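*Asks:* Got protein.cif for you, mmCIF, C-alpha atoms:
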```cif
data_run
#
loop_
_atom_site.label_atom_id
_atom_site.label_comp_id
_atom_site.auth_asym_id
_atom_site.auth_seq_id
_atom_site.Cartn_x
_atom_site.Cartn_y
_atom_site.Cartn_z
CA ASP A 1 0.00 0.00 0.00
CA GLU A 2 2.83 2.41 0.86
CA LEU A 3 4.48 1.73 -2.50
CA VAL A 4 1.19 2.44 -4.28
CA VAL A 5 0.88 5.76 -2.43
CA PHE A 6 4.41 6.68 -3.44
CA ILE A 7 3.85 5.80 -7.11
CA LEU A 8 0.64 7.84 -7.14
CA ALA A 9 2.40 10.77 -5.43
CA THR A 10 5.25 10.65 -7.95
CA ALA A 11 2.77 10.63 -10.85
CA ILE A 12 1.03 13.69 -9.36
CA LEU A 13 4.39 15.41 -8.94
CA LEU A 14 5.35 14.84 -12.58
CA LEU A 15 1.91 16.06 -13.67
CA LEU A 16 2.32 19.26 -11.66
CA LEU A 17 5.72 19.84 -13.24
CA LEU A 18 4.35 19.26 -16.75
CA LEU A 19 1.59 21.78 -15.98
CA GLY A 20 4.26 24.36 -15.23
CA ILE A 21 3.87 24.47 -11.45
CA PRO A 22 7.20 25.59 -9.91
CA ILE A 23 9.37 22.70 -8.72
CA ALA A 24 9.53 24.06 -5.15
CA LEU A 25 5.76 24.24 -4.79
CA SER A 26 5.23 20.88 -6.48
CA LEU A 27 7.69 19.13 -4.17
CA ALA A 28 6.20 20.80 -1.08
CA LEU A 29 2.60 19.96 -1.98
CA VAL A 30 3.30 16.32 -2.76
CA GLY A 31 5.60 15.95 0.23
CA VAL A 32 3.14 17.37 2.76
CA LEU A 33 0.08 15.62 1.31
CA GLY A 34 1.94 12.31 1.04
CA PHE A 35 3.17 12.63 4.63
CA ALA A 36 -0.42 13.40 5.73
CA VAL A 37 -1.67 10.23 4.03
CA GLU A 38 1.03 8.16 5.75
CA ARG A 39 1.03 9.76 9.21
CA GLY A 40 -1.96 12.10 9.46
CA ILE A 41 -2.65 15.80 8.96
CA GLU A 42 -1.39 17.03 12.34
CA PRO A 43 2.04 15.35 12.05
CA ALA A 44 2.28 16.69 8.49
CA MET A 45 1.68 20.26 9.71
CA ILE A 46 4.27 19.83 12.45
CA MET A 47 6.70 18.47 9.91
CA LEU A 48 6.01 21.45 7.62
CA GLY A 49 7.06 23.93 10.31
CA GLN A 50 9.95 21.94 11.74
CA VAL A 51 11.57 21.28 8.38
CA GLY A 52 11.31 24.97 7.49
CA LEU A 53 12.95 25.99 10.79
CA ASP A 54 15.73 23.41 10.41
CA ALA A 55 16.40 24.45 6.81
CA ALA A 56 16.46 28.17 7.64
CA THR A 57 18.92 27.64 10.51
CA ASN A 58 21.15 25.18 8.62
CA TYR A 59 24.59 26.84 8.74
CA SER A 60 25.83 24.68 5.85
CA PHE A 61 23.29 26.33 3.52
CA SER A 62 25.15 29.65 3.81
CA VAL A 63 27.76 28.33 1.37
CA LEU A 64 25.19 28.66 -1.41
CA PRO A 65 24.58 32.45 -1.43
CA LEU A 66 28.35 33.00 -1.24
CA PHE A 67 28.98 30.88 -4.34
CA VAL A 68 26.01 32.55 -6.08
CA LEU A 69 27.43 35.97 -5.19
CA MET A 70 30.84 35.02 -6.56
CA GLY A 71 29.29 33.74 -9.78
CA ASN A 72 27.19 36.89 -10.21
CA VAL A 73 30.19 39.18 -9.67
CA ILE A 74 32.31 37.35 -12.21
CA GLY A 75 29.36 36.92 -14.57
CA ARG A 76 29.06 40.71 -14.83
CA SER A 77 32.69 40.99 -15.86
CA GLN A 78 34.26 40.28 -19.23
CA LEU A 79 35.49 36.91 -18.00
CA ALA A 80 33.60 34.79 -20.54
CA GLN A 81 34.94 36.87 -23.42
CA ASP A 82 38.47 36.78 -21.99
CA MET A 83 38.36 33.02 -21.52
CA TYR A 84 37.08 32.46 -25.02
CA ALA A 85 39.76 34.76 -26.45
CA ALA A 86 42.47 32.81 -24.63
CA ALA A 87 41.13 29.42 -25.69
CA ASN A 88 40.72 30.65 -29.27
CA ALA A 89 44.30 31.94 -29.34
CA PHE A 90 45.61 28.46 -28.60
CA LEU A 91 43.06 26.32 -30.46
CA GLY A 92 41.35 28.50 -33.08
CA HIS A 93 43.77 27.68 -35.91
CA ARG A 94 42.79 23.99 -35.86
CA ARG A 95 39.87 22.41 -37.68
CA GLY A 96 36.99 22.76 -35.27
CA GLY A 97 39.23 25.02 -33.21
CA LEU A 98 36.52 27.55 -32.40
CA ALA A 99 34.26 24.76 -31.13
CA MET A 100 37.19 23.39 -29.10
CA ALA A 101 37.76 26.87 -27.71
CA THR A 102 34.08 26.99 -26.76
CA ILE A 103 34.47 23.79 -24.73
CA GLY A 104 37.64 25.08 -23.08
CA ALA A 105 36.12 28.46 -22.24
CA SER A 106 32.93 26.79 -21.01
CA GLY A 107 35.02 24.69 -18.66
CA GLY A 108 36.65 27.81 -17.26
CA PHE A 109 33.39 29.74 -16.99
CA ALA A 110 31.68 26.71 -15.41
CA ALA A 111 34.29 26.76 -12.67
CA ILE A 112 32.83 30.01 -11.35
CA SER A 113 29.23 30.07 -12.61
CA GLY A 114 28.11 26.64 -11.30
CA SER A 115 25.05 26.66 -13.56
CA SER A 116 24.56 24.82 -16.85
CA TYR A 117 21.91 27.21 -18.13
CA ALA A 118 23.99 30.31 -17.30
CA CYS A 119 27.05 28.78 -18.94
CA ALA A 120 25.16 27.78 -22.10
CA ALA A 121 23.41 31.15 -22.41
CA THR A 122 26.60 33.16 -21.85
CA MET A 123 28.76 31.15 -24.21
CA THR A 124 26.09 31.27 -26.93
CA GLY A 125 26.47 35.04 -27.06
CA VAL A 126 30.26 34.87 -26.92
CA ALA A 127 31.19 31.92 -29.15
CA VAL A 128 28.51 31.58 -31.82
CA PRO A 129 29.21 34.92 -33.58
CA ALA A 130 32.85 33.87 -34.07
CA MET A 131 31.79 30.47 -35.44
CA ARG A 132 29.36 32.17 -37.80
CA LYS A 133 32.21 34.31 -39.12
CA TYR A 134 34.08 31.18 -40.19
CA HIS A 135 30.93 29.51 -41.57
CA TYR A 136 30.63 26.70 -39.04
CA ASP A 137 27.69 24.36 -39.47
CA PRO A 138 24.91 26.05 -37.41
CA GLY A 139 23.76 22.84 -35.73
CA PHE A 140 27.33 21.87 -34.84
CA ALA A 141 28.04 25.34 -33.44
CA GLY A 142 24.87 25.20 -31.30
CA ALA A 143 25.70 21.68 -30.13
CA SER A 144 29.19 22.76 -29.04
CA VAL A 145 27.73 25.50 -26.86
CA ALA A 146 24.97 23.28 -25.43
CA VAL A 147 27.37 20.51 -24.48
CA GLY A 148 29.88 23.00 -23.07
CA GLY A 149 27.16 24.32 -20.78
CA THR A 150 26.80 20.95 -19.05
CA LEU A 151 30.23 21.48 -17.52
CA GLY A 152 28.59 24.00 -15.18
CA VAL A 153 27.16 21.15 -13.10
CA LEU A 154 30.35 19.12 -12.83
CA ILE A 155 33.32 21.47 -12.47
CA PRO A 156 33.52 22.89 -8.93
CA PRO A 157 32.19 24.95 -7.36
CA SER A 158 28.82 23.55 -8.41
CA ILE A 159 25.37 24.28 -7.03
CA GLY A 160 24.49 20.64 -7.67
CA MET A 161 27.39 19.57 -5.44
CA VAL A 162 26.19 21.90 -2.67
CA PHE A 163 22.73 20.35 -2.68
CA TYR A 164 24.11 16.82 -2.88
CA SER A 165 26.15 17.57 0.23
CA LEU A 166 23.21 19.15 2.05
CA ILE A 167 20.90 16.21 1.32
CA THR A 168 23.36 13.37 1.95
CA GLY A 169 25.79 14.81 4.48
CA VAL A 170 28.78 13.98 2.26
CA SER A 171 31.75 16.35 2.66
CA LEU A 172 31.34 19.25 0.23
CA SER A 173 35.09 19.88 0.25
CA LYS A 174 35.88 16.33 -0.87
CA LEU A 175 33.05 16.39 -3.40
CA MET A 176 34.42 19.56 -5.00
CA ILE A 177 37.92 18.13 -5.24
CA ALA A 178 36.48 14.89 -6.64
CA GLY A 179 34.99 16.81 -9.57
CA ILE A 180 38.32 18.12 -10.88
CA LEU A 181 39.62 15.08 -12.78
CA PRO A 182 36.20 14.07 -14.20
CA GLY A 183 35.80 17.67 -15.36
CA ILE A 184 39.16 17.61 -17.14
CA LEU A 185 38.32 14.20 -18.61
CA THR A 186 35.04 15.59 -19.95
CA ILE A 187 36.75 18.53 -21.65
CA ILE A 188 39.30 16.19 -23.27
CA LEU A 189 36.61 13.80 -24.53
CA TYR A 190 34.46 16.62 -25.96
CA ILE A 191 37.44 18.20 -27.71
CA GLY A 192 38.33 14.75 -29.06
CA ALA A 193 34.78 14.36 -30.40
CA ILE A 194 35.11 17.71 -32.19
CA ALA A 195 38.45 16.66 -33.71
CA ILE A 196 36.94 13.41 -35.03
CA VAL A 197 33.87 15.12 -36.48
CA THR A 198 35.81 17.90 -38.22
CA ARG A 199 38.33 15.43 -39.58
CA ARG A 200 35.55 13.51 -41.30
CA ARG A 201 33.56 16.62 -42.20
CA PRO A 202 35.93 19.61 -42.49
CA ALA A 203 33.11 21.90 -43.59
CA TYR A 204 31.51 21.56 -40.14
CA GLY A 205 34.34 23.49 -38.49
CA PRO A 206 36.81 25.31 -40.75
CA ALA A 207 40.11 26.37 -39.22
CA GLY A 208 40.43 29.95 -38.01
CA ASP A 209 43.36 32.31 -37.94
CA ARG A 210 46.60 31.32 -36.24
CA SER A 211 47.63 33.52 -33.31
CA SER A 212 51.21 34.60 -32.78
CA ARG A 213 53.13 33.79 -29.62
CA VAL A 214 52.72 37.38 -28.47
CA GLU A 215 48.94 37.23 -29.01
CA LYS A 216 48.76 34.01 -27.03
CA LEU A 217 50.61 35.56 -24.13
CA GLN A 218 48.43 38.68 -24.29
CA SER A 219 45.28 36.53 -24.20
CA LEU A 220 46.43 34.95 -20.95
CA ALA A 221 46.60 38.36 -19.27
CA GLY A 222 42.82 38.56 -19.13
CA ILE A 223 42.27 35.22 -17.40
CA TRP A 224 45.12 34.87 -14.92
CA PRO A 225 43.18 36.58 -12.07
CA MET A 226 40.36 34.04 -12.43
CA PHE A 227 42.83 31.18 -12.68
CA LEU A 228 44.42 32.49 -9.49
CA LEU A 229 41.01 32.63 -7.77
CA PHE A 230 40.11 29.11 -8.84
CA THR A 231 43.50 27.77 -7.73
CA LEU A 232 43.27 29.61 -4.41
CA MET A 233 39.86 28.17 -3.60
CA LEU A 234 40.39 24.55 -4.61
CA GLY A 235 44.04 24.55 -3.54
CA GLY A 236 43.09 25.81 -0.10
CA ILE A 237 40.37 23.19 0.23
CA TYR A 238 42.66 20.41 -0.97
CA ALA A 239 45.44 21.40 1.43
CA GLY A 240 43.01 21.67 4.32
CA VAL A 241 43.77 25.35 4.83
CA PHE A 242 40.07 26.20 4.81
CA THR A 243 36.70 24.52 4.37
CA ALA A 244 34.36 24.79 1.41
CA MET A 245 32.33 27.30 3.43
CA GLU A 246 35.37 29.47 4.00
CA ALA A 247 36.41 29.04 0.36
CA ALA A 248 33.04 30.40 -0.72
CA GLY A 249 33.48 33.51 1.42
CA ILE A 250 37.06 34.04 0.23
CA GLY A 251 36.01 33.48 -3.40
CA ALA A 252 33.18 36.03 -3.20
CA PHE A 253 35.43 38.63 -1.55
CA VAL A 254 38.36 38.15 -3.94
CA ALA A 255 35.99 38.21 -6.94
CA MET A 256 34.63 41.61 -5.86
CA VAL A 257 38.14 42.96 -5.29
CA MET A 258 39.27 41.81 -8.74
CA ALA A 259 36.15 43.21 -10.42
CA ALA A 260 36.74 46.54 -8.69
CA LEU A 261 40.40 46.61 -9.78
CA ARG A 262 39.31 45.91 -13.36
CA ARG A 263 36.86 48.86 -13.07
CA GLU A 264 33.89 46.57 -13.68
CA LEU A 265 32.12 47.14 -10.35
CA SER A 266 30.16 50.37 -9.90
CA ALA A 267 27.58 51.02 -7.18
CA PRO A 268 24.54 50.37 -9.45
CA ILE A 269 26.11 47.14 -10.74
CA LEU A 270 26.90 46.04 -7.18
CA LEU A 271 23.27 46.70 -6.17
CA ASP A 272 22.05 44.60 -9.11
CA ILE A 273 24.47 41.82 -8.16
CA PHE A 274 23.22 41.74 -4.57
CA THR A 275 19.60 41.81 -5.74
CA ASP A 276 20.16 38.92 -8.16
CA THR A 277 22.00 36.99 -5.48
CA ILE A 278 19.12 37.40 -3.04
CA LYS A 279 16.53 36.35 -5.63
CA THR A 280 18.53 33.31 -6.72
CA THR A 281 19.25 32.25 -3.13
CA VAL A 282 15.60 32.54 -2.12
CA ASN A 283 14.53 30.47 -5.13
CA LEU A 284 17.14 27.82 -4.37
CA PHE A 285 16.15 27.77 -0.69
CA LEU A 286 12.50 27.21 -1.59
CA VAL A 287 13.49 24.32 -3.85
CA PHE A 288 15.65 22.91 -1.04
CA TYR A 289 12.78 23.30 1.44
CA GLY A 290 10.35 21.57 -0.90
CA ALA A 291 12.86 18.78 -1.51
CA LEU A 292 13.26 18.20 2.24
CA LEU A 293 9.49 17.92 2.62
CA PHE A 294 9.37 15.43 -0.23
CA ALA A 295 12.34 13.54 1.24
CA ASN A 296 10.53 13.15 4.57
CA PHE A 297 7.57 11.67 2.73
CA VAL A 298 9.86 9.27 0.88
CA ILE A 299 11.40 8.16 4.17
CA VAL A 300 8.08 7.47 5.94
CA SER A 301 6.77 5.71 2.84
CA GLY A 302 9.53 3.13 3.23
CA VAL A 303 10.32 3.22 -0.48
CA PRO A 304 14.13 2.98 -0.12
CA HIS A 305 13.73 -0.17 1.99
CA THR A 306 11.17 -1.57 -0.45
CA VAL A 307 13.49 -0.94 -3.40
CA ALA A 308 16.38 -2.52 -1.52
CA ASP A 309 14.25 -5.58 -0.74
CA LEU A 310 13.20 -5.88 -4.40
CA ILE A 311 16.84 -5.76 -5.47
CA THR A 312 17.73 -8.48 -2.94
CA LEU A 313 14.82 -10.74 -3.88
CA ASN A 314 15.51 -10.41 -7.61
CA THR A 315 19.29 -10.72 -7.12
CA PHE A 316 20.05 -7.66 -9.26
CA SER A 317 23.76 -6.97 -9.42
CA PRO A 318 24.99 -3.55 -8.19
CA LEU A 319 26.03 -2.70 -11.76
CA THR A 320 22.52 -3.46 -13.05
CA VAL A 321 20.96 -1.21 -10.42
CA LEU A 322 23.45 1.54 -11.27
CA GLY A 323 22.52 1.20 -14.95
CA ILE A 324 18.82 1.54 -14.11
CA ALA A 325 19.57 4.65 -12.04
CA LEU A 326 21.59 6.09 -14.95
CA ILE A 327 18.68 5.62 -17.35
CA ILE A 328 16.24 7.25 -14.92
CA TYR A 329 18.57 10.23 -14.40
CA VAL A 330 19.07 10.75 -18.13
CA VAL A 331 15.33 10.54 -18.84
CA LEU A 332 14.33 12.87 -16.02
CA GLY A 333 17.25 15.15 -16.85
CA CYS A 334 15.54 15.93 -20.15
CA ILE A 335 12.78 17.82 -18.34
CA LEU A 336 14.28 18.83 -14.99
CA GLU A 337 17.17 21.14 -14.17
CA SER A 338 19.98 19.13 -12.63
CA THR A 339 19.68 20.60 -9.13
CA SER A 340 15.96 19.86 -8.96
CA LEU A 341 16.60 16.37 -10.31
CA LEU A 342 19.15 15.62 -7.61
CA LEU A 343 16.87 16.88 -4.86
CA LEU A 344 13.99 14.80 -6.21
CA THR A 345 15.83 11.50 -6.59
CA LEU A 346 18.53 11.38 -3.92
CA PRO A 347 16.17 10.39 -1.07
CA ILE A 348 15.46 7.20 -3.03
CA PHE A 349 18.70 6.35 -4.82
CA PHE A 350 21.31 7.42 -2.26
CA PRO A 351 20.48 4.86 0.46
CA VAL A 352 19.93 2.12 -2.12
CA LEU A 353 23.17 2.63 -4.06
CA THR A 354 25.40 3.28 -1.06
CA GLY A 355 23.86 0.16 0.49
CA LEU A 356 25.12 -1.76 -2.54
CA GLY A 357 28.66 -0.62 -1.77
CA TYR A 358 29.10 2.46 -3.97
CA ASP A 359 31.25 5.17 -2.42
CA PRO A 360 29.13 8.26 -1.52
CA ILE A 361 31.63 10.69 -3.07
CA TRP A 362 31.95 8.65 -6.27
CA LEU A 363 28.16 8.34 -6.40
CA GLY A 364 27.83 12.13 -6.13
CA ILE A 365 29.96 12.69 -9.21
CA PHE A 366 28.21 9.85 -11.05
CA VAL A 367 24.68 11.21 -10.51
CA ILE A 368 25.81 14.74 -11.41
CA VAL A 369 27.30 13.40 -14.65
CA ALA A 370 24.10 11.44 -15.36
CA ALA A 371 21.96 14.52 -14.72
CA GLU A 372 24.04 16.69 -17.05
CA ILE A 373 23.81 14.12 -19.85
CA GLY A 374 20.04 14.51 -19.60
CA LEU A 375 20.44 18.22 -20.32
CA ILE A 376 21.51 17.44 -23.91
CA THR A 377 19.49 14.27 -24.52
CA PRO A 378 16.63 14.43 -27.07
CA PRO A 379 13.79 15.06 -27.30
CA ILE A 380 13.69 17.62 -24.47
CA GLY A 381 17.30 18.34 -23.45
CA MET A 382 16.91 21.69 -21.70
CA ASN A 383 20.36 23.03 -22.59
CA VAL A 384 19.52 22.57 -26.26
CA PHE A 385 16.40 24.66 -25.92
CA VAL A 386 18.30 27.36 -24.01
CA VAL A 387 20.71 27.63 -26.94
CA SER A 388 17.98 27.30 -29.57
CA SER A 389 15.94 30.07 -27.96
CA MET A 390 18.93 32.39 -28.42
CA LEU A 391 19.50 31.18 -31.99
CA PRO A 392 16.01 31.22 -33.52
CA GLU A 393 17.43 30.55 -36.98
CA VAL A 394 18.82 27.18 -35.82
CA PRO A 395 16.11 24.53 -35.21
CA ALA A 396 16.53 22.41 -32.09
CA GLN A 397 16.43 19.30 -34.30
CA LYS A 398 19.66 20.40 -36.01
CA ILE A 399 21.40 20.84 -32.68
CA PHE A 400 20.18 17.43 -31.44
CA ALA A 401 21.48 15.76 -34.61
CA ALA A 402 24.91 17.35 -34.13
CA LEU A 403 25.03 16.16 -30.51
CA VAL A 404 25.46 12.48 -31.42
CA PRO A 405 29.31 12.52 -31.26
CA PHE A 406 29.18 14.27 -27.88
CA LEU A 407 26.72 11.71 -26.52
CA ALA A 408 29.12 8.99 -27.72
CA ALA A 409 31.86 10.77 -25.74
CA ASP A 410 29.54 10.70 -22.72
CA VAL A 411 29.15 6.93 -23.06
CA VAL A 412 32.95 6.64 -22.96
CA ARG A 413 33.09 8.98 -19.96
CA VAL A 414 30.52 7.06 -17.91
CA SER A 415 32.20 3.77 -18.79
CA LEU A 416 35.56 5.10 -17.59
CA LEU A 417 34.11 6.42 -14.35
CA VAL A 418 32.50 3.05 -13.60
CA ALA A 419 35.53 1.01 -14.66
CA ILE A 420 38.12 3.26 -12.97
CA PRO A 421 36.56 4.80 -9.81
CA SER A 422 39.94 6.24 -8.86
CA ILE A 423 39.40 8.97 -11.48
CA VAL A 424 36.94 10.39 -8.93
CA LEU A 425 38.41 9.16 -5.66
CA VAL A 426 42.16 9.63 -5.99
CA LEU A 427 42.27 13.37 -5.19
CA PRO A 428 39.80 13.36 -2.27
CA GLY A 429 41.62 10.31 -0.91
CA MET A 430 44.85 12.33 -0.71
CA MET A 431 43.28 15.23 1.19
CA SER A 432 44.54 15.90 4.69
CA SER A 433 41.07 15.68 6.21
#
```
How does this structure look as structure tokens?
*Replies:*
Amino acid sequence: DELVVFILATAILLLLLLLGIPIALSLALVGVLGFAVERGIEPAMIMLGQVGLDAATNYSFSVLPLFVLMGNVIGRSQLAQDMYAAANAFLGHRRGGLAMATIGASGGFAAISGSSYACAATMTGVAVPAMRKYHYDPGFAGASVAVGGTLGVLIPPSIGMVFYSLITGVSLSKLMIAGILPGILTIILYIGAIAIVTRRRPAYGPAGDRSSRVEKLQSLAGIWPMFLLFTLMLGGIYAGVFTAMEAAGIGAFVAMVMAALRRELSAPILLDIFTDTIKTTVNLFLVFYGALLFANFVIVSGVPHTVADLITLNTFSPLTVLGIALIIYVVLGCILESTSLLLLTLPIFFPVLTGLGYDPIWLGIFVIVAAEIGLITPPIGMNVFVVSSMLPEVPAQKIFAALVPFLAADVVRVSLLVAIPSIVLVLPGMMSS
């Protein structure tokens, strides 16, 4: 009976989302009503208040507005343009070089934006005009930007990592360090996919102009402050000098200092940045609150135990269960933003998969990777529609068709992560604490 209630509640939740009801409200409604069915109305009302109080006083949540503030400060600067210029200086002369530069710049921008949508939208405006100039295939150009945007979820600091840590209790510091090598691997695989495609179809990505050594060095001048910031934050976390919380505060402060020194931070801009930070933080908090309510319902429904029992009775191997979870994440990732997807599914999958022996830190990177693949998977990959909405002359179908090589690279990436878990675990395992 409890499983039936959960299935019905999940169907209602998906229906609410398809009707356009905000994810925070949908999660809260289903969570409270489901809890009321399981335990009664009065306990559900008590739970509603207690969860809100606990969430509002959760000190660990304060890392989120600090990372959002840092991302907003840097997002108002010319960082994306500077990163693209640097990547283009080193890669633009190759076939597909502008697309490769897009992936490289997206990786750098993702390291401070933490959002797939923001990364895809920003890089569309920066990279696509240059690719148009050299007559790149429109679908291939759009696909390069869409796939580059998915790096915003994986490369630290990532909002998805923050929520994974808040829901599961896994160390955010170790999770952020764990994302470094998979992020680099992703960039390499995507650039490799571009090289293969443009070798077979040179017209898709003609070579650009070759930059001189002086131009290459000049291009680095615009990005070294951000490289220094990124190294300071992750280096400090890795060495145990400060926690992820302290890194967020340091990152936000240093970002504002650098923006001020570059004369990119006036009083009106600073007011807008603080306003956007408040709005984004409130929205994320409401989603987090709704997810906690839904998680409490999942716990009292006994679904994780039921799923674990079903796995035991049917003797599913851990790898089979992981494959099922991957499929579910990719499918749901087509319609849900990655953060919302993690908050929705972790109460179910985390206890089941860790119970099968998967390392919690490795699992965090795996589910984040799975969620980001969903962002570019047809027929409703959200990153594709973000890019397509900014390029009305390029149909989404063209972008989806050009994504096939990148999805093949994702298959290789997931296979490597499963076959060689040390790609994720080696750096956090070497941390001092």
*Asks:* One decimal, Å: what's the distance from atom CA of A:Leu313 over to atom CA of A:Ala325, could you say?
*Replies:*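 Separating atom CA of A:Leu313 from atom CA of A:Ala325 is a distance of 18.1 Å.
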*Asks:* Any chance you could work out the residue set of the PyMOL selection byres ((chain A and resi 196-198) around 12) here, as an NGL selection string?
*Replies:* :A and (94-100 or 136-137 or 140-141 or 144 or 189-195 or 199-207 or 402-406 or 408-409)
*Asks:* Any idea what the distance is between atom CA of A:Val352 and atom CA of A:Leu310?
*Replies:*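 Calculated distance between atom CA of A:Val352 and atom CA of A:Leu310 is 10.7 Å.
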*Asks:* Excluding A:Val145 and any residue of its chain fewer than 3 positions from it, enumerate the residues within 10 Å of it, using all atoms listed in the file, and give them as a PDB file with C-alpha atoms, in the coordinates of the input.
*Replies:*
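Okay, this is what ended up in selection34.pdb:
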```pdb
ATOM      1  CA  ALA A  99      34.260  24.760 -31.130  1.00  0.00           C
ATOM      2  CA  MET A 100      37.190  23.390 -29.100  1.00  0.00           C
ATOM      3  CA  THR A 102      34.080  26.990 -26.760  1.00  0.00           C
ATOM      4  CA  ILE A 103      34.470  23.790 -24.730  1.00  0.00           C
ATOM      5  CA  SER A 106      32.930  26.790 -21.010  1.00  0.00           C
ATOM      6  CA  CYS A 119      27.050  28.780 -18.940  1.00  0.00           C
ATOM      7  CA  ALA A 120      25.160  27.780 -22.100  1.00  0.00           C
ATOM      8  CA  ALA A 121      23.410  31.150 -22.410  1.00  0.00           C
ATOM      9  CA  THR A 122      26.600  33.160 -21.850  1.00  0.00           C
ATOM     10  CA  MET A 123      28.760  31.150 -24.210  1.00  0.00           C
ATOM     11  CA  THR A 124      26.090  31.270 -26.930  1.00  0.00           C
ATOM     12  CA  GLY A 125      26.470  35.040 -27.060  1.00  0.00           C
ATOM     13  CA  VAL A 126      30.260  34.870 -26.920  1.00  0.00           C
ATOM     14  CA  ALA A 127      31.190  31.920 -29.150  1.00  0.00           C
ATOM     15  CA  VAL A 128      28.510  31.580 -31.820  1.00  0.00           C
ATOM     16  CA  PHE A 140      27.330  21.870 -34.840  1.00  0.00           C
ATOM     17  CA  ALA A 141      28.040  25.340 -33.440  1.00  0.00           C
ATOM     18  CA  GLY A 142      24.870  25.200 -31.300  1.00  0.00           C
ATOM     19  CA  GLY A 148      29.880  23.000 -23.070  1.00  0.00           C
ATOM     20  CA  GLY A 149      27.160  24.320 -20.780  1.00  0.00           C
ATOM     21  CA  THR A 150      26.800  20.950 -19.050  1.00  0.00           C
ATOM     22  CA  ASN A 383      20.360  23.030 -22.590  1.00  0.00           C
ATOM     23  CA  VAL A 384      19.520  22.570 -26.260  1.00  0.00           C
ATOM     24  CA  VAL A 387      20.710  27.630 -26.940  1.00  0.00           C
ATOM     25  CA  ILE A 399      21.400  20.840 -32.680  1.00  0.00           C
TER      26      ILE A 399
END
```
*Asks:* Report, in Å with one decimal, the straight-line distance from atom CA of A:Ile41 to atom CA of A:Ile23.
*Replies:*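 Between atom CA of A:Ile41 and atom CA of A:Ile23 the gap is 22.5 Å.
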*Asks:* Rank nothing, just name the residue among A:Lys279, A:Val418, A:Met258, A:Leu391 nearest to A:Leu319, using only C-alpha atoms.
*Replies:*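 Closest to A:Leu319 of all the choices is A:Val418.
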*Asks:* Suppose a student applies the PyMOL selection byres ((chain A and resi 361) around 8) to this structure; what residues should they get, written as a PyMOL selection string?
*Replies:* chain A and resi 170+174-175+178+359-360+362-365+424-425
*Asks:* Between A:Leu342, A:Ser77, A:Leu64, A:Ala56, single out the one closest to A:Glu264, counting all atoms listed in the file.
*Replies:* A:Ser77
*Asks:* Taking 2 positions as the minimum chain separation for residues in the same chain, which residues sit within 9 Å of A:Pro182 when counting all atoms listed in the file? Answer as a ChimeraX atom specification.
*Replies:* /A:154-155,178-180,184-187,365,369,413,417,423-424
*Asks:* Care to translate the PyMOL selection byres ((chain A and resi 349) around 10) into actual residues of this file, as a list of chain:residue names?
*Replies:*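 When the PyMOL selection byres ((chain A and resi 349) around 10) is applied, the selected residues are A:Val303, A:Pro304, A:Val307, A:Ala308, A:Val321, A:Leu322, A:Ala325, A:Leu342, A:Leu344, A:Thr345, A:Leu346, A:Pro347, A:Ile348, A:Phe350, A:Pro351, A:Val352, A:Leu353, A:Thr354, A:Gly355, A:Leu363, A:Val367.
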